[in-house]
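Participant: Once you've had a glance at the structure underneath, I'll fire off some questions.
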Amino acid sequence: MTAPKTALILVDVINSFFLEGQPNFYPAALDVLGPLHDLLAAARAGGHVVVHAVEQHYPEFDDYEFKKLPRHHMEGAIDAAFFGEFHPEGPREIVTRKRRFSAFFATDLALFLHEQRMERVIIAGVKTNVCIRASAQDAFAHGFDVVVPREATNSNRPHLAEASLEDIDRYIGRVVPLADALEMLA
């Protein structure tokens with residue numbers, strides 16, 4: 001039996017969360033950089049599809065999300081830029097720009113992944129209780145096997161992150177140790 005075709009989805013690995021002084025920075029976010037690096041390196045080495053799902057809004061235009069949150073992640077702004085080495089590299093990597101929490105909502109990500117015959121998605125990044133959970137739920141709704149490596153996501157609200165991981169593991173997919181996710185990408 002062959003392994004399911006797997007894509008890695010990196011969610012919001014952008015300056016806003018990882019660069020001190022940016023609007024959504026929280027110190028614990030830095031704890032996921034090592035695991036994210038390992039996942040990205042394994043996906044690249046294994047020739048897997050890598051999706052860089054980044055929240056970006058249109059400058060000068062209103063956005064429904066701004067009714068709840070201050071203006072943020074404007075296309076071209078420093079907070080919306082890829083953090084460090086976490087930018088697309090090579091032909092097996094794409095960027096999905098999202099304007100809501102989920103990488104799937106109102107984007108063509110599900111269509112793209114189905115066209116590539118992907119069966120499983122490994123979702124990692126920030127924040128577990130917001131964008132990771134929303135992306136995992138929508139990936140499940142689109143018929144993908146969902147895997148979330150525990151060490152490759154967290155939140156500035158740890159109790160909500162834990163509750164979200166419990167929900168993901170119970171109802172949506174699997175929460176696994178980083179080593180298991182790396183093995184899926186080997």
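Residue names in the structure tokens use chain letters A, B, ... in the order shown, residue numbers from 1 in each chain, and ligand numbers from 1 in the order shown.
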Would you list the contacts of region 139-147 of chain A as a ChimeraX atom specification, taking every protein, DNA or RNA residue within 12 Å and counting only C-alpha atoms, but skipping same-chain residues closer than 4 positions in sequence?

Facilitator: /A:4-9,102-105,107-114,117-124,131-135,152-153,165,168-178,180-182,184-185

Participant: When DSSP is applied to the backbone of this structure, which of region 7-163 of chain A are assigned strand (DSSP E)? Write them out as a PyMOL selection string.

Facilitator: chain A and resi 7-11+49-55+93-98+120-126+145-149+153-154

Participant: Taking only C-alpha atoms into account, which of A:Glu183, A:Glu65, A:Thr128, A:Val148 comes nearest Leu160 (chain A)?

Facilitator: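 Distance minimum relative to Leu160 (chain A) lands on A:Thr128.
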
Participant: List the spatial neighbours of region 14-23 of chain A as number ranges by chain - criterion: any atom at most 10 Å away, only C-alpha atoms, same-chain residues fewer than 5 positions off excluded.

Facilitator: A: 28-33, 52-55, 70, 72-73, 77-84, 86-87, 125-127, 155
